[in-house]
Amino acid sequence: MKRKSYFVIAILMLVLQACNMPSAQLETEELLSASAEQPSPQPPAETPTSIHQTFPVSAPEAKPYPDVTSIDTASEKRAPYGDSYDINRLERPFLQDMTYLPDIDIASFSISEDTDWYYISIGMVGKAPNNSISINFGVEIDKNLDSFGDYLILAQPPYSQEWTAGNVQIYQDTNRDTAGASPSKSDAPFSGNGYDTLISSVSQNVGEDPDVVWVRINAGEYATVQFAIKKSWVGSTFMYSVMADGGLKNISKLDYVDAFTQQEAGSPVRSNSYYPLQALFAVDNTCFQAFGFTPSGFEPKICPEIVQPVIAEGPIPNTPGVDACTAIGSPNPGNCPWGWSDWPYCVCTPG
């Protein structure tokens, strides 16, 4: 009897197992199918820091070179001056409806160095580089001193107060057209391709040296945005300029003044017949600073030399009772050789 009971139980177990097999197999297939439908994980934007061998440190201080700002005339929906379209000097920290954007308004820029790095600092009127407008900051490098940009170091948000390399790239102009046909004037309409080749990007695994360029923000009073560039890459003699771009953000169209006629671009200067801004808006750039050599002063795009300021003690010429350059908001004395950029950057001479 016991043997028969064991036999019956064994048969019942086999039957139950057979009944459950399709269900178990279906469940497994469903799980595998669901797993296959999941998207593959995306790689992080920043490559792990373990790949880096050298890191920038705190930048030595440097005397900033001033740039024209529009904060004092922003309420009037205009730039005071400083937008010299024909020579690629753009002062356009405004939307097309002339809404002022202080986070795109460059106030100063400078360069300093230590043993391994050059530090290029950009001081902005606004202090929010992570503005929702999404602002690109750039440094143009001209190694052969012909005023055609050879390389563009481009940083894109989001930015960090710590040094990062994953959100900054280097582009090269391989066919010498970043200044159109001539760097001394606008050549619009010119159909070049600007900075056409990506040569360094940690996040895209391009280039041989992941440490060549870094960026951080809010590093000091005159360093709202700061770049660190390896000296062994850039060399000891070059010209450089900086830019903030929250509008077109199209490096294949640089220089922008060669891609658009002034009529197409519009103007931020109210007295200009092309006011207000049209195709070219939300962008600010600077003249080119010389580094490692003494410029002749005739290089296209070169920054004018700032002579030692001599603050006028007495009244502005032809303006009795008004002192020159004594505080923020001082009126233009009309005798600053490189242009007026308000206290404390103005260069005034006694009348």
# chains A, B, ... in the order shown; residues from 1 in each chain; ligands from 1

call {"tool": "select_by_dssp", "arguments": {"residues": "stretch 54-242 of chain A", "states": "strand (DSSP E)", "output": "MDAnalysis selection string"}}
result
chainID A and resid 65:66 91:92 106:113 117:124 136:142 151:155 168:172 197:201 213:220 223:230 238:242

call {"tool": "closest_atom_pairs", "arguments": {"of": "stretch 78-185 of chain A", "to": "stretch 223-233 of chain A", "cutoff": "6 Å", "atoms": "only C-alpha atoms", "output": "CSV"}}
result
residue,atom,partner,partner_atom,distance
A:Asp116,CA,A:Lys231,CA,5.7
A:Trp117,CA,A:Lys230,CA,4.8
A:Tyr118,CA,A:Ile229,CA,5.2
A:Tyr119,CA,A:Ala228,CA,4.6
A:Ile120,CA,A:Phe227,CA,5.1
A:Ser121,CA,A:Gln226,CA,4.4
A:Ile122,CA,A:Ala223,CA,5.1
A:Gly123,CA,A:Ala223,CA,4.9
A:Met124,CA,A:Thr224,CA,5.9

call {"tool": "closest_atom_pairs", "arguments": {"of": "stretch 139-163 of chain A", "to": "stretch 288-307 of chain A", "cutoff": "12 Å", "atoms": "only C-alpha atoms", "output": "Markdown table"}}
result
| residue | atom | partner | partner_atom | distance |
| --- | --- | --- | --- | --- |
| A:Val139 | CA | A:Phe288 | CA | 10.2 |
| A:Glu140 | CA | A:Phe288 | CA | 8.6 |
| A:Ile141 | CA | A:Phe288 | CA | 8.9 |
| A:Asp142 | CA | A:Phe288 | CA | 8.8 |
| A:Lys143 | CA | A:Phe291 | CA | 10.0 |
| A:Asn144 | CA | A:Ala290 | CA | 11.4 |
| A:Leu145 | CA | A:Glu299 | CA | 8.1 |
| A:Asp146 | CA | A:Glu299 | CA | 7.4 |
| A:Ser147 | CA | A:Pro300 | CA | 5.9 |
| A:Phe148 | CA | A:Pro300 | CA | 9.1 |
| A:Gly149 | CA | A:Phe288 | CA | 9.9 |

call {"tool": "write_last_selection", "arguments": {"atoms": "N, CA and C atoms", "output": "PDB file, in the first residue's frame"}}
result
ATOM      1  N   VAL A 139      37.091  81.720 -25.822  1.00  0.00           N
ATOM      2  CA  VAL A 139      38.373  82.415 -25.959  1.00  0.00           C
ATOM      3  C   VAL A 139      38.898  82.110 -27.357  1.00  0.00           C
ATOM      4  N   GLU A 140      39.126  83.147 -28.141  1.00  0.00           N
ATOM      5  CA  GLU A 140      39.734  82.974 -29.464  1.00  0.00           C
ATOM      6  C   GLU A 140      41.244  83.155 -29.337  1.00  0.00           C
ATOM      7  N   ILE A 141      42.000  82.244 -29.953  1.00  0.00           N
ATOM      8  CA  ILE A 141      43.454  82.273 -29.916  1.00  0.00           C
ATOM      9  C   ILE A 141      43.989  82.456 -31.333  1.00  0.00           C
ATOM     10  N   ASP A 142      44.832  83.452 -31.502  1.00  0.00           N
ATOM     11  CA  ASP A 142      45.502  83.692 -32.790  1.00  0.00           C
ATOM     12  C   ASP A 142      46.996  83.468 -32.569  1.00  0.00           C
ATOM     13  N   LYS A 143      47.501  82.317 -33.013  1.00  0.00           N
ATOM     14  CA  LYS A 143      48.895  81.966 -32.763  1.00  0.00           C
ATOM     15  C   LYS A 143      49.866  82.627 -33.743  1.00  0.00           C
ATOM     16  N   ASN A 144      49.425  82.860 -34.974  1.00  0.00           N
ATOM     17  CA  ASN A 144      50.358  83.413 -35.951  1.00  0.00           C
ATOM     18  C   ASN A 144      50.212  84.928 -36.131  1.00  0.00           C
ATOM     19  N   LEU A 145      49.415  85.547 -35.266  1.00  0.00           N
ATOM     20  CA  LEU A 145      49.352  87.008 -35.138  1.00  0.00           C
ATOM     21  C   LEU A 145      48.895  87.724 -36.395  1.00  0.00           C
ATOM     22  N   ASP A 146      47.972  87.099 -37.128  1.00  0.00           N
ATOM     23  CA  ASP A 146      47.453  87.732 -38.344  1.00  0.00           C
ATOM     24  C   ASP A 146      46.022  88.232 -38.169  1.00  0.00           C
ATOM     25  N   SER A 147      45.503  88.159 -36.946  1.00  0.00           N
ATOM     26  CA  SER A 147      44.147  88.596 -36.591  1.00  0.00           C
ATOM     27  C   SER A 147      43.052  87.700 -37.155  1.00  0.00           C
ATOM     28  N   PHE A 148      43.422  86.552 -37.710  1.00  0.00           N
ATOM     29  CA  PHE A 148      42.468  85.495 -38.003  1.00  0.00           C
ATOM     30  C   PHE A 148      42.520  84.517 -36.828  1.00  0.00           C
ATOM     31  N   GLY A 149      41.391  84.235 -36.215  1.00  0.00           N
ATOM     32  CA  GLY A 149      41.401  83.287 -35.117  1.00  0.00           C
ATOM     33  C   GLY A 149      41.797  81.905 -35.590  1.00  0.00           C
TER      34      GLY A 149
END

call {"tool": "residues_around", "arguments": {"residues": "A:Ile106", "least_positions_apart": "6", "cutoff": "10 Å", "atoms": "only C-alpha atoms", "output": "list in words"}}
result
Pro66, Asp67, Val68, Thr69, Ser70, Glu91, Arg92, Pro93, Ile122, Gly123, Met124, Val125, Gly126, Thr224, Val242, Met243, Ala244, Val283, Asp284, Asn285 and Thr286 of chain A

call {"tool": "atom_distance", "arguments": {"atom1": "atom CA of A:Ala155", "atom2": "atom CA of A:Ser108"}}
result
17.8 Å

call {"tool": "residues_around", "arguments": {"residues": "A:Ser186", "least_positions_apart": "4", "cutoff": "7 Å", "atoms": "only C-alpha atoms", "output": "ChimeraX atom specification"}}
result
/A:86-87,257-258

call {"tool": "write_last_selection", "arguments": {"atoms": "C-alpha atoms", "output": "compact mmCIF listing (two decimals), in the first residue's frame"}}
result
# COMPACT_ATOMS: atom_id res chain seq x y z
CA ASP A 86 32.93 96.87 -39.39
CA ILE A 87 35.85 95.88 -37.15
CA VAL A 257 30.12 90.36 -38.89
CA ASP A 258 31.17 88.46 -42.03

call {"tool": "residues_around", "arguments": {"residues": "A:Ser200", "least_positions_apart": "6", "cutoff": "9 Å", "atoms": "only C-alpha atoms", "output": "MDAnalysis selection string"}}
result
chainID A and resid 168:171 206:210 212:213

call {"tool": "closest_residue", "arguments": {"among": "A:Tyr222, A:Thr197, A:Gln204, A:Gly192", "to": "A:Phe260", "atoms": "only C-alpha atoms"}}
result
A:Gly192

call {"tool": "closest_residue", "arguments": {"among": "A:Thr54, A:Ser75, A:Gln96, A:Ser203", "to": "A:Ser267", "atoms": "only C-alpha atoms"}}
result
A:Gln96

call {"tool": "atom_distance", "arguments": {"atom1": "atom CA of A:Arg176", "atom2": "atom CA of A:Met239"}}
result
15.5 Å

call {"tool": "atom_distance", "arguments": {"atom1": "atom CA of A:Ile217", "atom2": "atom CA of A:Pro157"}}
result
10.5 Å

call {"tool": "closest_residue", "arguments": {"among": "A:Val234, A:Val57, A:Ala259, A:Leu95", "to": "A:Pro276", "atoms": "only C-alpha atoms"}}
result
A:Leu95

call {"tool": "closest_residue", "arguments": {"among": "A:Gly138, A:Gly235, A:Pro268, A:Pro189", "to": "A:Asn167", "atoms": "only C-alpha atoms"}}
result
A:Gly138

call {"tool": "decode", "arguments": {"residues": "stretch 133-158 of chain A", "atoms": "N, CA and C atoms", "output": "CSV table (one decimal), in the first residue's frame"}}
result
chain,number,residue,atom,x,y,z
A,133,ILE,N,19.2,81.4,-20.1
A,133,ILE,CA,19.4,81.7,-21.5
A,133,ILE,C,20.4,80.7,-22.1
A,134,SER,N,21.2,80.1,-21.3
A,134,SER,CA,22.3,79.1,-21.8
A,134,SER,C,23.3,79.8,-22.5
A,135,ILE,N,24.3,80.3,-21.8
A,135,ILE,CA,25.4,81.2,-22.4
A,135,ILE,C,26.6,80.4,-22.7
A,136,ASN,N,27.1,80.5,-23.9
A,136,ASN,CA,28.5,79.9,-24.2
A,136,ASN,C,29.5,81.0,-24.0
A,137,PHE,N,30.6,80.7,-23.4
A,137,PHE,CA,31.8,81.6,-23.3
A,137,PHE,C,32.9,81.0,-24.0
A,138,GLY,N,33.6,81.9,-24.7
A,138,GLY,CA,34.7,81.5,-25.6
A,138,GLY,C,36.0,82.3,-25.5
A,139,VAL,N,37.1,81.7,-25.8
A,139,VAL,CA,38.4,82.4,-26.0
A,139,VAL,C,38.9,82.1,-27.4
A,140,GLU,N,39.1,83.1,-28.1
A,140,GLU,CA,39.7,83.0,-29.5
A,140,GLU,C,41.2,83.2,-29.3
A,141,ILE,N,42.0,82.2,-30.0
A,141,ILE,CA,43.5,82.3,-29.9
A,141,ILE,C,44.0,82.5,-31.3
A,142,ASP,N,44.8,83.5,-31.5
A,142,ASP,CA,45.5,83.7,-32.8
A,142,ASP,C,47.0,83.5,-32.6
A,143,LYS,N,47.5,82.3,-33.0
A,143,LYS,CA,48.9,82.0,-32.8
A,143,LYS,C,49.9,82.6,-33.7
A,144,ASN,N,49.4,82.9,-35.0
A,144,ASN,CA,50.4,83.4,-36.0
A,144,ASN,C,50.2,84.9,-36.1
A,145,LEU,N,49.4,85.5,-35.3
A,145,LEU,CA,49.4,87.0,-35.1
A,145,LEU,C,48.9,87.7,-36.4
A,146,ASP,N,48.0,87.1,-37.1
A,146,ASP,CA,47.5,87.7,-38.3
A,146,ASP,C,46.0,88.2,-38.2
A,147,SER,N,45.5,88.2,-36.9
A,147,SER,CA,44.1,88.6,-36.6
A,147,SER,C,43.1,87.7,-37.2
A,148,PHE,N,43.4,86.6,-37.7
A,148,PHE,CA,42.5,85.5,-38.0
A,148,PHE,C,42.5,84.5,-36.8
A,149,GLY,N,41.4,84.2,-36.2
A,149,GLY,CA,41.4,83.3,-35.1
A,149,GLY,C,41.8,81.9,-35.6
A,150,ASP,N,42.8,81.3,-34.9
A,150,ASP,CA,43.2,79.9,-35.3
A,150,ASP,C,42.4,78.9,-34.5
A,151,TYR,N,42.2,79.2,-33.2
A,151,TYR,CA,41.5,78.2,-32.3
A,151,TYR,C,40.4,78.9,-31.5
A,152,LEU,N,39.4,78.2,-31.2
A,152,LEU,CA,38.3,78.7,-30.3
A,152,LEU,C,38.2,77.7,-29.2
A,153,ILE,N,38.4,78.2,-28.0
A,153,ILE,CA,38.1,77.4,-26.7
A,153,ILE,C,36.7,77.8,-26.3
A,154,LEU,N,35.8,76.8,-26.3
A,154,LEU,CA,34.4,77.0,-26.1
A,154,LEU,C,33.9,76.3,-24.9
A,155,ALA,N,33.3,77.0,-24.0
A,155,ALA,CA,32.7,76.4,-22.8
A,155,ALA,C,31.2,76.5,-22.8
A,156,GLN,N,30.5,75.5,-22.4
A,156,GLN,CA,29.1,75.4,-22.4
A,156,GLN,C,28.5,75.1,-21.1
A,157,PRO,N,27.3,75.6,-20.7
A,157,PRO,CA,26.7,75.3,-19.4
A,157,PRO,C,26.3,73.8,-19.4
A,158,PRO,N,26.1,73.3,-18.1
A,158,PRO,CA,26.2,74.0,-16.9
A,158,PRO,C,27.6,74.2,-16.4
